[in-house]
Structures are given as structure tokens and as C-alpha cells.
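Shown next: input-v9.cif, given as mmCIF, C-alpha atoms.
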data_upload
#
loop_
_atom_site.label_atom_id
_atom_site.label_comp_id
_atom_site.auth_asym_id
_atom_site.auth_seq_id
_atom_site.Cartn_x
_atom_site.Cartn_y
_atom_site.Cartn_z
CA MET A 1 43.69 83.08 141.92
CA SER A 2 46.15 80.45 140.67
CA THR A 3 47.90 80.40 144.03
CA THR A 4 44.63 79.85 145.92
CA VAL A 5 43.74 76.78 143.87
CA ALA A 6 47.31 75.43 144.09
CA GLY A 7 47.27 75.92 147.85
CA LEU A 8 44.03 73.97 148.15
CA ALA A 9 45.46 71.09 146.08
CA ALA A 10 48.63 70.98 148.19
CA LYS A 11 46.54 70.92 151.36
CA LYS A 12 44.65 67.91 150.02
CA GLY A 13 47.94 66.02 149.91
CA TYR A 14 48.94 66.49 146.28
CA THR A 15 52.70 66.35 146.16
CA ASN A 16 53.48 67.73 142.73
CA VAL A 17 51.67 71.06 142.60
CA ARG A 18 53.16 73.94 140.68
CA VAL A 19 52.01 77.46 139.96
CA PHE A 20 52.50 79.13 136.62
CA LEU A 21 52.63 82.57 138.22
CA ASP A 22 53.37 84.48 135.03
CA GLY A 23 50.16 83.01 133.70
CA GLN A 24 48.42 83.21 130.37
CA PRO A 25 49.73 86.67 129.40
CA ALA A 26 53.33 85.40 129.57
CA TRP A 27 52.31 82.23 127.72
CA ILE A 28 50.86 84.28 124.87
CA LYS A 29 53.68 86.79 124.85
CA ASP A 30 56.13 83.96 124.36
CA GLY A 31 54.36 83.02 121.14
CA ASN A 32 52.37 80.05 122.43
CA LEU A 33 48.87 79.22 121.27
CA VAL A 34 45.59 79.51 123.16
CA TYR A 35 42.24 77.89 122.48
CA ALA A 36 38.60 78.95 122.68
CA SER A 37 36.02 76.73 124.30
CA LYS A 38 33.20 75.18 122.29
CA GLY A 39 30.48 77.45 123.64
CA PHE A 40 32.49 80.55 122.83
CA VAL A 41 33.05 79.36 119.26
CA ALA A 42 29.34 78.64 118.85
CA LYS A 43 27.85 81.67 120.60
CA GLY A 44 30.46 84.25 121.58
CA ASN A 45 30.53 87.75 120.13
CA ILE A 46 33.50 86.90 117.92
CA VAL A 47 34.81 86.94 114.40
CA LEU A 48 35.07 83.25 113.53
CA ILE A 49 37.36 82.66 110.56
CA ASP A 50 37.48 79.55 108.37
CA LEU A 51 40.98 79.60 106.89
CA ARG A 52 40.45 76.75 104.45
CA ALA A 53 39.70 77.17 100.75
CA SER A 54 36.17 78.58 100.20
CA LYS A 55 35.15 75.41 98.40
CA LYS A 56 35.91 73.33 101.48
CA ALA A 57 34.09 75.83 103.69
CA ALA A 58 31.03 75.56 101.46
CA GLU A 59 31.00 71.80 101.91
CA GLY A 60 30.89 72.11 105.67
CA ARG A 61 31.93 74.74 108.22
CA ILE A 62 31.22 75.91 111.73
CA ALA A 63 28.05 78.05 111.82
CA ARG A 64 28.69 81.82 111.72
CA ALA A 65 32.17 81.34 110.25
CA VAL A 66 33.44 83.86 107.74
CA SER A 67 35.39 82.34 104.91
CA ILE A 68 38.80 83.95 104.65
CA PRO A 69 41.28 81.51 103.10
CA TYR A 70 44.68 81.88 104.72
CA ASP A 71 46.25 83.29 101.56
CA ALA A 72 43.76 86.18 101.65
CA LEU A 73 44.00 86.86 105.36
CA GLU A 74 46.61 89.59 105.17
CA ASP A 75 44.56 91.55 102.63
CA ARG A 76 41.33 91.07 104.55
CA MET A 77 42.64 92.23 107.93
CA GLU A 78 41.52 95.78 107.35
CA ASP A 79 37.92 94.51 107.41
CA ILE A 80 38.33 92.99 110.86
CA PRO A 81 37.84 95.41 113.77
CA VAL A 82 40.99 95.47 115.87
CA LYS A 83 39.05 95.10 119.11
CA ALA A 84 37.19 91.99 117.98
CA PRO A 85 37.93 88.67 119.62
CA ILE A 86 38.95 86.36 116.77
CA VAL A 87 38.79 82.59 116.60
CA VAL A 88 40.38 80.84 113.65
CA TYR A 89 40.29 77.27 112.43
CA SER A 90 41.55 75.24 109.53
CA ASP A 91 42.40 71.66 108.71
CA SER A 92 46.08 72.41 109.05
CA ALA A 93 47.58 73.04 112.47
CA GLU A 94 50.42 74.92 110.85
CA GLU A 95 48.06 77.26 109.03
CA MET A 96 46.15 77.98 112.22
CA ALA A 97 49.38 78.77 114.06
CA ASP A 98 50.53 81.03 111.22
CA ALA A 99 47.22 82.90 111.14
CA TYR A 100 47.34 83.28 114.92
CA GLU A 101 50.80 84.77 114.71
CA ASP A 102 49.92 87.08 111.79
CA LEU A 103 46.86 88.41 113.59
CA ARG A 104 48.76 89.01 116.82
CA ASP A 105 51.53 90.76 114.90
CA GLU A 106 48.91 92.99 113.33
CA GLY A 107 47.74 94.09 116.79
CA TYR A 108 44.77 91.80 117.46
CA LYS A 109 44.93 91.04 121.16
CA LYS A 110 42.21 88.43 121.51
CA VAL A 111 43.01 85.60 119.15
CA ALA A 112 42.34 81.93 119.83
CA LEU A 113 42.09 78.67 117.90
CA VAL A 114 39.46 75.97 117.67
CA SER A 115 41.03 73.00 119.42
CA GLY A 116 41.96 70.38 116.85
CA GLY A 117 40.85 72.62 113.98
CA PHE A 118 37.82 71.69 111.89
CA ALA A 119 38.35 67.98 112.46
CA GLY A 120 38.54 68.59 116.21
CA TRP A 121 35.28 70.49 116.06
CA THR A 122 33.31 67.78 114.25
CA LYS A 123 34.90 65.03 116.34
CA GLY A 124 33.76 66.86 119.46
CA GLY A 125 30.18 66.83 118.16
CA GLY A 126 30.20 70.46 117.08
CA GLU A 127 27.51 71.48 114.61
CA THR A 128 28.33 72.45 111.06
CA VAL A 129 26.49 74.13 108.19
CA THR A 130 26.84 73.81 104.42
CA GLY A 131 26.09 76.03 101.44
CA PRO A 132 27.39 79.29 100.05
CA VAL A 133 29.94 80.91 102.36
CA ASP A 134 29.87 84.29 104.06
CA THR A 135 32.79 86.56 103.35
CA GLU A 136 31.60 89.70 105.14
CA VAL A 137 32.87 90.41 108.62
CA ASN A 138 29.97 91.71 110.69
CA TRP A 139 31.07 92.39 114.20
CA VAL A 140 29.72 94.97 116.59
CA ARG A 141 31.33 95.56 119.93
CA LYS A 142 29.06 95.14 122.91
CA LEU A 143 28.99 98.20 125.11
CA ALA A 144 30.62 97.88 128.50
CA LYS A 145 28.77 98.95 131.62
CA GLY A 146 28.51 102.71 131.74
CA GLU A 147 29.52 103.15 128.11
CA VAL A 148 27.52 105.19 125.61
CA ALA A 149 27.11 104.12 122.00
CA GLN A 150 28.63 106.45 119.41
CA ASP A 151 25.24 107.11 117.79
CA ASP A 152 23.74 108.09 121.12
CA PHE A 153 26.67 110.35 121.88
CA ILE A 154 26.17 112.09 118.54
CA LYS A 155 22.54 112.75 119.49
CA VAL A 156 23.81 114.43 122.64
CA ILE A 157 26.24 116.57 120.63
CA LYS A 158 23.42 117.63 118.35
CA GLY A 159 21.33 118.64 121.32
CA GLU A 160 18.67 116.04 120.62
CA VAL A 161 18.64 114.81 124.20
CA THR A 162 17.64 117.12 127.04
CA ASP A 163 19.26 117.57 130.44
CA THR A 164 22.66 116.42 129.37
CA ILE A 165 26.19 117.68 129.77
CA ILE A 166 29.24 116.74 127.76
CA LEU A 167 32.32 116.55 129.93
CA ASP A 168 35.66 116.89 128.19
CA VAL A 169 38.43 115.39 130.35
CA ARG A 170 41.32 115.99 127.98
CA THR A 171 44.18 118.27 129.02
CA ALA A 172 43.65 122.03 128.86
CA ASP A 173 45.88 122.20 125.76
CA GLU A 174 43.89 119.55 123.97
CA ALA A 175 40.60 121.17 124.89
CA ALA A 176 41.86 124.53 123.66
CA SER A 177 42.43 123.17 120.17
CA GLY A 178 38.79 122.30 119.74
CA GLY A 179 35.88 120.45 121.27
CA PHE A 180 32.16 119.79 121.28
CA PRO A 181 29.80 122.76 121.51
CA GLY A 182 28.77 123.48 125.08
CA ALA A 183 31.10 120.91 126.60
CA VAL A 184 32.45 121.45 130.10
CA ALA A 185 36.22 120.96 130.10
CA ILE A 186 37.83 119.58 133.24
CA PRO A 187 41.01 117.56 132.76
CA LEU A 188 40.94 114.07 134.28
CA ASP A 189 43.48 114.94 136.94
CA GLU A 190 41.39 117.86 138.15
CA ILE A 191 38.10 115.96 138.45
CA GLY A 192 38.83 115.19 142.08
CA SER A 193 39.04 118.88 143.04
CA ARG A 194 36.62 120.42 140.52
CA HIS A 195 33.68 118.00 140.32
CA GLY A 196 31.61 120.60 142.16
CA GLU A 197 31.40 122.51 138.86
CA ILE A 198 29.33 119.72 137.31
CA PRO A 199 25.57 119.76 137.91
CA LYS A 200 24.38 116.58 139.60
CA ASP A 201 20.89 116.56 138.10
CA LYS A 202 21.99 116.08 134.50
CA LYS A 203 23.11 113.11 132.49
CA ILE A 204 26.85 113.36 132.04
CA PHE A 205 28.59 112.14 128.90
CA VAL A 206 32.35 111.98 129.30
CA HIS A 207 34.83 111.90 126.43
CA CYS A 208 38.58 112.17 125.81
CA THR A 209 40.50 111.06 122.70
CA THR A 210 40.19 107.29 123.04
CA GLY A 211 38.00 106.48 126.01
CA ALA A 212 40.69 105.57 128.53
CA ARG A 213 40.57 108.82 130.45
CA ALA A 214 36.81 109.13 130.02
CA GLU A 215 36.31 105.75 131.67
CA MET A 216 38.56 106.71 134.59
CA ALA A 217 36.78 110.04 134.98
CA SER A 218 33.33 108.47 134.95
CA LYS A 219 34.38 105.99 137.65
CA GLU A 220 35.77 108.87 139.66
CA LEU A 221 32.51 110.82 139.28
CA LYS A 222 30.45 107.81 140.32
CA SER A 223 32.54 107.51 143.45
CA LYS A 224 31.73 111.18 144.13
CA GLY A 225 28.00 110.46 144.02
CA PHE A 226 27.14 111.22 140.39
CA LYS A 227 24.64 108.67 139.12
CA ASP A 228 23.99 109.14 135.41
CA VAL A 229 27.51 109.08 134.00
CA PHE A 230 28.42 107.55 130.66
CA TYR A 231 31.68 107.47 128.77
CA LEU A 232 32.50 107.29 125.09
CA VAL A 233 34.97 104.76 123.75
CA ALA A 234 36.07 105.98 120.31
CA ASN A 235 39.00 107.64 118.69
CA CYS A 236 37.78 111.16 118.74
CA GLU A 237 39.42 114.08 117.00
CA CYS A 238 38.34 117.67 117.47
CA GLU A 239 39.60 120.69 115.60
CA GLY A 240 37.80 123.97 116.21
CA ASP A 241 34.15 123.00 116.08
CA LYS A 242 34.78 120.08 113.71
CA TRP A 243 34.93 116.57 115.05
CA LYS A 244 35.17 113.01 113.84
CA PHE A 245 34.96 109.57 115.38
CA GLU A 246 36.55 106.28 114.56
CA ASP A 247 36.11 102.95 116.26
CA MET B 1 69.24 109.87 170.34
CA ARG B 2 65.71 109.21 171.44
CA LYS B 3 64.38 111.23 168.56
CA GLN B 4 66.37 109.20 166.12
CA MET B 5 64.89 106.01 167.49
CA LEU B 6 61.41 107.39 166.99
CA LYS B 7 62.25 108.18 163.42
CA PHE B 8 63.02 104.55 162.81
CA LEU B 9 59.94 103.27 164.54
CA PRO B 10 57.67 103.36 161.47
CA LEU B 11 60.34 101.53 159.50
CA CYS B 12 60.52 98.80 162.12
CA LEU B 13 56.76 98.46 162.12
CA MET B 14 56.76 98.21 158.37
CA ALA B 15 59.45 95.55 158.49
CA ALA B 16 57.37 93.65 161.02
CA LEU B 17 54.36 93.84 158.74
CA LEU B 18 56.29 92.73 155.69
CA SER B 19 57.77 89.72 157.38
CA TYR B 20 54.36 88.84 158.74
CA GLY B 21 52.90 88.97 155.27
CA CYS B 22 55.47 86.66 153.70
CA VAL B 23 55.96 84.02 156.32
CA GLN B 24 52.73 82.45 157.33
CA THR B 25 53.56 80.39 160.35
CA GLY B 26 50.56 78.96 162.13
CA GLY B 27 51.62 79.18 165.80
CA THR B 28 52.87 82.72 166.07
CA GLU B 29 49.98 84.18 164.13
CA ASP B 30 48.05 85.52 167.11
CA ALA B 31 51.09 87.05 168.72
CA ALA B 32 52.05 88.77 165.50
CA LYS B 33 48.56 90.04 164.73
CA ALA B 34 48.40 92.94 167.16
CA PRO B 35 51.52 94.88 166.12
CA ALA B 36 50.92 94.00 162.48
CA LYS B 37 47.50 95.62 162.63
CA LYS B 38 48.92 98.81 164.01
CA ALA B 39 51.54 98.92 161.33
CA GLU B 40 48.89 98.32 158.73
CA GLN B 41 46.96 101.31 159.91
CA ALA B 42 50.04 103.48 159.83
CA GLN B 43 50.83 102.20 156.38
CA LYS B 44 47.35 102.71 155.00
CA GLU B 45 47.86 106.42 155.14
CA ASN B 46 50.41 106.43 152.36
CA VAL B 47 50.09 103.22 150.38
CA TYR B 48 47.51 102.00 147.92
CA LYS B 49 47.56 98.28 147.30
CA GLY B 50 45.35 96.69 144.68
CA LYS B 51 44.52 96.22 141.05
CA VAL B 52 45.23 99.00 138.59
CA THR B 53 42.07 99.69 136.58
CA GLY B 54 43.16 102.68 134.58
CA LYS B 55 46.28 104.52 133.55
CA SER B 56 46.60 107.61 131.44
CA ASN B 57 50.01 108.83 130.38
CA LYS B 58 48.48 112.03 129.08
CA ALA B 59 46.80 112.96 132.35
CA LYS B 60 49.58 111.23 134.32
CA SER B 61 47.00 109.49 136.45
CA ILE B 62 46.50 105.96 137.68
CA SER B 63 43.29 104.56 139.10
CA ILE B 64 43.61 101.67 141.47
CA VAL B 65 41.02 99.61 143.33
CA VAL B 66 41.82 99.22 146.99
CA GLY B 67 39.97 97.15 149.55
CA LYS B 68 37.85 94.06 148.97
CA GLY B 69 34.20 93.31 148.32
CA ASP B 70 31.82 96.04 149.46
CA LYS B 71 34.68 98.11 150.76
CA ALA B 72 36.44 98.23 147.39
CA LYS B 73 37.11 101.80 146.33
CA THR B 74 38.69 103.27 143.25
CA MET B 75 41.41 105.75 144.10
CA MET B 76 43.03 108.15 141.70
CA VAL B 77 46.70 108.92 142.08
CA LYS B 78 48.89 111.22 140.01
CA PHE B 79 52.45 110.54 138.92
CA ASP B 80 55.26 112.69 137.59
CA ASP B 81 58.84 112.38 136.36
CA LYS B 82 60.03 111.76 139.89
CA THR B 83 57.78 108.74 140.39
CA THR B 84 59.77 105.53 140.15
CA GLY B 85 58.42 102.31 138.68
CA VAL B 86 55.58 103.84 136.66
CA ASP B 87 55.81 100.90 134.24
CA HIS B 88 54.86 98.54 137.05
CA ALA B 89 51.42 100.10 137.07
CA ALA B 90 49.70 98.29 134.21
CA VAL B 91 45.95 97.93 133.80
CA GLY B 92 44.79 94.61 135.19
CA HIS B 93 47.86 94.07 137.33
CA ALA B 94 48.20 94.40 141.06
CA SER B 95 50.45 97.17 142.27
CA ILE B 96 51.65 98.74 145.47
CA ILE B 97 51.71 102.51 145.13
CA ALA B 98 53.41 104.60 147.79
CA TYR B 99 52.28 108.19 147.63
CA GLU B 100 52.49 111.56 149.31
CA MET B 101 49.85 114.27 149.56
CA ARG B 102 50.54 117.46 147.61
CA ASP B 103 47.95 120.20 147.14
CA GLY B 104 45.33 117.88 148.58
CA GLN B 105 46.04 115.22 145.98
CA PRO B 106 47.89 111.92 146.23
CA TRP B 107 51.06 111.77 144.14
CA ALA B 108 52.79 108.44 143.57
CA THR B 109 56.36 108.29 144.77
CA VAL B 110 57.25 104.63 144.27
CA ILE B 111 55.27 102.02 142.34
CA LYS B 112 56.03 98.34 142.79
CA PRO B 113 54.36 95.22 141.44
CA LYS B 114 52.44 93.27 144.02
CA LEU B 115 53.96 89.84 143.85
CA ALA B 116 52.00 86.71 144.52
CA LYS B 117 53.28 84.37 147.19
CA LEU B 118 53.61 80.68 146.54
CA PRO B 119 51.50 78.57 148.88
CA LYS B 120 53.23 76.01 151.09
CA GLY B 121 54.04 72.79 149.29
CA THR B 122 54.02 74.28 145.79
CA THR B 123 56.74 75.46 143.41
CA GLU B 124 56.76 77.91 140.56
CA ILE B 125 56.97 76.94 136.90
CA LYS B 126 58.16 79.36 134.22
CA THR B 127 56.92 79.75 130.65
CA ALA B 128 59.72 77.83 128.88
CA GLU B 129 59.36 74.78 131.14
CA MET B 130 55.58 75.06 130.88
CA ALA B 131 55.83 74.81 127.09
CA GLU B 132 58.14 71.78 127.37
CA VAL B 133 55.80 69.98 129.74
CA ILE B 134 52.76 70.63 127.57
CA ALA B 135 54.57 69.44 124.43
CA GLY B 136 55.95 66.38 126.22
CA ASP B 137 54.43 63.14 127.53
CA THR B 138 54.22 64.04 131.20
CA LYS B 139 50.75 63.48 132.59
CA ILE B 140 49.54 66.86 133.72
CA MET B 141 46.38 68.45 134.99
CA LEU B 142 46.47 72.07 133.91
CA ILE B 143 44.02 74.22 135.83
CA ASP B 144 42.80 77.62 134.64
CA ALA B 145 41.78 79.40 137.85
CA ARG B 146 40.29 82.48 136.17
CA PRO B 147 36.55 83.10 136.02
CA ALA B 148 34.89 80.67 133.57
CA GLY B 149 34.12 83.43 131.08
CA ARG B 150 37.78 84.22 130.66
CA TYR B 151 38.57 80.54 130.13
CA LYS B 152 35.95 80.29 127.40
CA GLY B 153 37.49 83.09 125.38
CA ALA B 154 41.00 81.69 125.37
CA HIS B 155 42.88 79.19 127.47
CA MET B 156 46.10 77.25 127.40
CA PRO B 157 46.15 73.91 125.55
CA GLY B 158 44.56 71.09 127.52
CA ALA B 159 43.57 73.31 130.42
CA VAL B 160 40.45 72.68 132.47
CA SER B 161 38.47 75.50 134.03
CA ILE B 162 38.31 75.49 137.83
CA PRO B 163 37.64 79.03 139.06
CA VAL B 164 38.52 79.80 142.67
CA GLY B 165 34.87 79.66 143.80
CA VAL B 166 34.41 76.19 142.32
CA ALA B 167 37.73 75.01 143.73
CA LYS B 168 36.77 76.07 147.24
CA LYS B 169 33.59 74.01 147.07
CA ASN B 170 34.60 70.83 145.35
CA LEU B 171 38.21 70.72 144.25
CA PRO B 172 38.86 67.21 145.69
CA GLU B 173 36.29 65.67 143.33
CA LEU B 174 37.89 67.35 140.36
CA LEU B 175 41.48 66.34 141.00
CA PRO B 176 43.04 63.09 139.73
CA LYS B 177 43.21 60.06 142.07
CA GLU B 178 46.98 59.77 142.03
CA LYS B 179 48.30 62.33 144.46
CA ASP B 180 51.64 62.57 142.71
CA THR B 181 50.12 63.72 139.39
CA LEU B 182 51.62 66.97 138.19
CA ILE B 183 49.11 69.73 138.80
CA VAL B 184 49.77 73.20 137.40
CA THR B 185 47.53 76.17 138.08
CA TYR B 186 47.54 79.47 136.25
CA CYS B 187 45.51 82.65 135.93
CA GLY B 188 45.80 86.01 134.25
CA GLY B 189 49.26 86.80 135.54
CA PRO B 190 50.54 87.92 138.93
CA THR B 191 47.63 89.24 140.98
#
Any chance you could give the structure as C-alpha cells?
Amino acid sequence: MSTTVAGLAAKKGYTNVRVFLDGQPAWIKDGNLVYASKGFVAKGNIVLIDLRASKKAAEGRIARAVSIPYDALEDRMEDIPVKAPIVVYSDSAEEMADAYEDLRDEGYKKVALVSGGFAGWTKGGGETVTGPVDTEVNWVRKLAKGEVAQDDFIKVIKGEVTDTIILDVRTADEAASGGFPGAVAIPLDEIGSRHGEIPKDKKIFVHCTTGARAEMASKELKSKGFKDVFYLVANCECEGDKWKFED
Amino acid sequence: MRKQMLKFLPLCLMAALLSYGCVQTGGTEDAAKAPAKKAEQAQKENVYKGKVTGKSNKAKSISIVVGKGDKAKTMMVKFDDKTTGVDHAAVGHASIIAYEMRDGQPWATVIKPKLAKLPKGTTEIKTAEMAEVIAGDTKIMLIDARPAGRYKGAHMPGAVSIPVGVAKKNLPELLPKEKDTLIVTYCGGPT
């Protein structure tokens, strides 16, 4: 992508065109900051964090922001889902950079800053709200295409939905240690040769232990002509006939 | 002797294809096209080239999207301890996976990253220099070439969003007047 645009610019006679081939992932990996755009801050499915003192946040903050003063951030991280995209802002550039680094160190992969912090936001005409602050993090992941919600998957396990099949794509060893009642177990790497064992007229719900293999298997099944295939993204532990999920 | 020559023939064809892919000279293009096509067909039988969309270390499987547009297909390939370069297959990155068929299944033999080629008249910039330029006073137009949605979520400081589709339509209007302005483009890593 970057090379295509650079090539076009060079063709138009621009003499000083360079390509940052390693791109944004290398930029981030090297400890550099990235920024969210205004629309994403205002409307994206994010956890927006106001790092300033709660009193300041009450006097004026970006709508939807959760007040987590920087000093409390470390303690509050357990309330923030690890998959959530996070945008932080403050009135101190240093504090924003520190929070960014702390969050990344803690395993959050999608972290960005509001450009210019709170001052940058208001200067750019961004809307603000006043009044008592929110401290609760309420974030729900949006399902990807082909993904089944945990609650709906549980209904399938309980047999509350008809014409369904649970497909377990873990390894044979994993499946032997426990699984969902009535599940068909075919390891991911055998889907290609054994998909004939799966009835085509039923809704298929695929699971593994995290969702990675389930997603691959459901794509594989779709390419083999299966239509109603859904996969579960959740940390899923089975022992005997007991099971539990975690996000 | 003759047999030995035949053995090397696929190698020669592959070499011809590779050199064709890297050096894009305008004049010889047509002449080079015919043999390159043949080599491509021969090569297609044992190489997947495309973006890795899934990798499971437990199932020792990689899924990779080959082909473009309507012809794009997700292929599943297995790997084992003998596969070299497994780390090069990372989700979201482009890879070249050479494989062999065993028990009716493709098994990866060698995995290499698919490296992007620099267009004519451009040079590469690395992360450290990038950081220096951004922190410094040099006038720069930093272009994020990823889809706009990706830009919105997180982008480099001062970057503007010009996805490839937009660039193809009206890049000239979006670029600065001075043709010697430093322009840097980036996306989500080597693709």
C-alpha cells in the first residue's frame, strides 16, 4: 500500500519521496506514540480515559470519557478488557506518554492518544461535557463477521437451539480431556480431509481454546461449501463435562 | 548430461521469474512476459504467496490467502519441525510458503517473508530516522496509506490519511505544491 502511493507521487515528479516500509508496527514497537482521529475519539467503540484529576474531569472532559487519574491507572487496569482499543488524554504530554507505555507494557495492543491532549481536543473544536464523572469501564467487544456471542453459544450447549452442531477443533489429546456434550471433534488440521463427517444442513458452531483455530476452521469449512458456520472467540476450558469461559 | 540439464530447467525458469519480478524495465516487458508466465504456472504448484490470516502453533497450521479479488482463496498448510522460517509466517503479514504434498495435504517446507519492492525514484526510511525527522523541523508530508478506518484508530504523529484508492483518483490535488517537499508513505508493515 505504502509503496503504491509513493510510486504515484514519484511519477508525478516529486523528488524527495521515501517509504517507511517497516510501517506503523515498527514505529510502535520502537516505543513511539500514535494518535487517534477525532471521529474515533468521539464515536469509536473504545475505552476513552481521562488521566487528569477527577475534579478537573468534572469541570470539563471529552464525552464518554472514564475518569481514571494517572496515579490510579495501574490499579484500575484489571477493569479494562485487554482487547479493548484504548484512547487516553491528559493535560500533560508526559503523563499521556507514560500511560501509553504502561498500557502497552501490560499487554494492551491498541492504545492511542488524543492529539494535543485535552487542550488539543478543545482547540480543535471537540465537544466536551461537564458534571459528575464516570469511573466505570463499560466496553463490549463487537462481534466479528462469522463470530458467535458467548451467550448464544451457551444456548447451543444447553440444547436450546435446534439443528445445530458443536464442532471441537482442538487436538485429539485436548478433546479427550473433556468437551461439550454432543460435540463433534475434528482437529483443525484434519478438517480438510474429514469435513465430510459434518452434516451440511445444520448450523455449525466451532470452538477451540481461544478462538484462533476455530476461526481458521470456520473459514476452511466455508471454502468447502458450508454456509452456516460460526466460531467462538473466548478462552474456553473444558474438563470432563465441566466447562468455563473467559473473555 | 541431458538429464542433468533438464533437472536444472525449473531452477532457471524460477530465476527468470524472480529477476522479472524485481526489475521492472519498461521495454523488455513483453519479451519477458511469455517465459515468465510459464514459470509462474510451474511455480504455482508448490508455492503459496499472500497474506497470512491465521496461524496455530497447536495445530501446526497456517492459513494464507492467495490470489486477488474474486479469485482470492484461503489455503491451509501444515508445518512441522523440518519447516524453516515458521516465524516469518505472522498473521497480517505477507509470506511466501513453499510446500510439498504429503498424504494429500500441503506441508510447508520453507517460509519466507514477502518483501515489498521500492518503486522507482523512492528510497526507504527506517524507524530511527523517521523518529528524528518527525521530531525535527524538516517540512514533511507523512501519508498513511492504510484504509481510512485503520488510520482513525491510530496513526503516526502528523500523518494524513490517503488510502490507495483515494491516491489513485486524486493524489496530485492532495500533495504539496513544492515538488521537493519530503513525502513519506507508510502502511501496516511490509505487505
Practice prompt. May I ask for the distance between atom CA of Tyr100 of chain A and atom CA of Phe40 of chain A, given in Å to one decimal place?
Written response: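 A separation of 17.0 Å between them.
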Write out as a compact mmCIF listing (two decimals) with C-alpha atoms, keeping the file's coordinate frame the residues lying within 12 Å of Val166 of chain B, counting all atoms listed in the file and excluding same-chain residues fewer than 2 positions away.
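File written: part22.txt
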# COMPACT_ATOMS: atom_id res chain seq x y z
CA MET A 1 43.69 83.08 141.92
CA THR A 4 44.63 79.85 145.92
CA VAL A 5 43.74 76.78 143.87
CA LEU A 8 44.03 73.97 148.15
CA ILE B 143 44.02 74.22 135.83
CA ASP B 144 42.80 77.62 134.64
CA ALA B 145 41.78 79.40 137.85
CA ARG B 146 40.29 82.48 136.17
CA PRO B 147 36.55 83.10 136.02
CA ALA B 148 34.89 80.67 133.57
CA SER B 161 38.47 75.50 134.03
CA ILE B 162 38.31 75.49 137.83
CA PRO B 163 37.64 79.03 139.06
CA VAL B 164 38.52 79.80 142.67
CA LYS B 168 36.77 76.07 147.24
CA LYS B 169 33.59 74.01 147.07
CA ASN B 170 34.60 70.83 145.35
CA LEU B 171 38.21 70.72 144.25
CA PRO B 172 38.86 67.21 145.69
CA GLU B 173 36.29 65.67 143.33
CA LEU B 174 37.89 67.35 140.36
Discussion item. Counting only C-alpha atoms, a student should be able to say which residues of chain B come within 7 Å of chain A; what is the right answer, written as a ChimeraX atom specification?
Written reply: /B:54,56,59,61,63,118-127,145-146,152-157,164,167,179-190
Discussion item. What does the structure give for the distance between atom CA of His88 of chain B and atom CA of Val47 of chain B, in Å to one decimal?
Written reply: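 Computing the Euclidean distance for atom CA of His88 of chain B and atom CA of Val47 of chain B yields 14.9 Å.
The coordinates place atom CA of Ala128 of chain B at 17.4 Å from atom CA of Met141 of chain B.
The result of the PyMOL selection byres ((chain B and resi 95) around 7) on the shown file is Lys49, Gly50, Lys51, Val52, His88, Ala89, His93, Ala94, Ile96, Ile97, Ile111, Lys112, Pro113 and Lys114 of chain B.
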Fill in: Residues near Ala185 of chain A, cut-off 12 Å, all atoms listed in the file, skip fewer than 5 positions along chain, as number ranges by chain
A: 165-180, 190-191, 194-195, 197-198, 205-208, 214, 217
Worksheet entry | A:Val133, A:Val88, A:Val140, A:Val82 ranked by distance to Gly60 of chain A, top pick (using only C-alpha atoms) |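 Looking only at the distances to Gly60 of chain A, the closest residue turns out to be A:Val133.
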Worksheet item: Using only C-alpha atoms, which of A:Arg61, A:Val137, A:Ala42, A:Lys55 sits nearest Met77 of chain A?
Response: A:Val137
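Residues surrounding Lys200 of chain A within 10 Å are His195, Leu221, Gly225, Phe226, Lys227, Asp228 and Val229 of chain A [only C-alpha atoms; sequence separation below 5 positions excluded].
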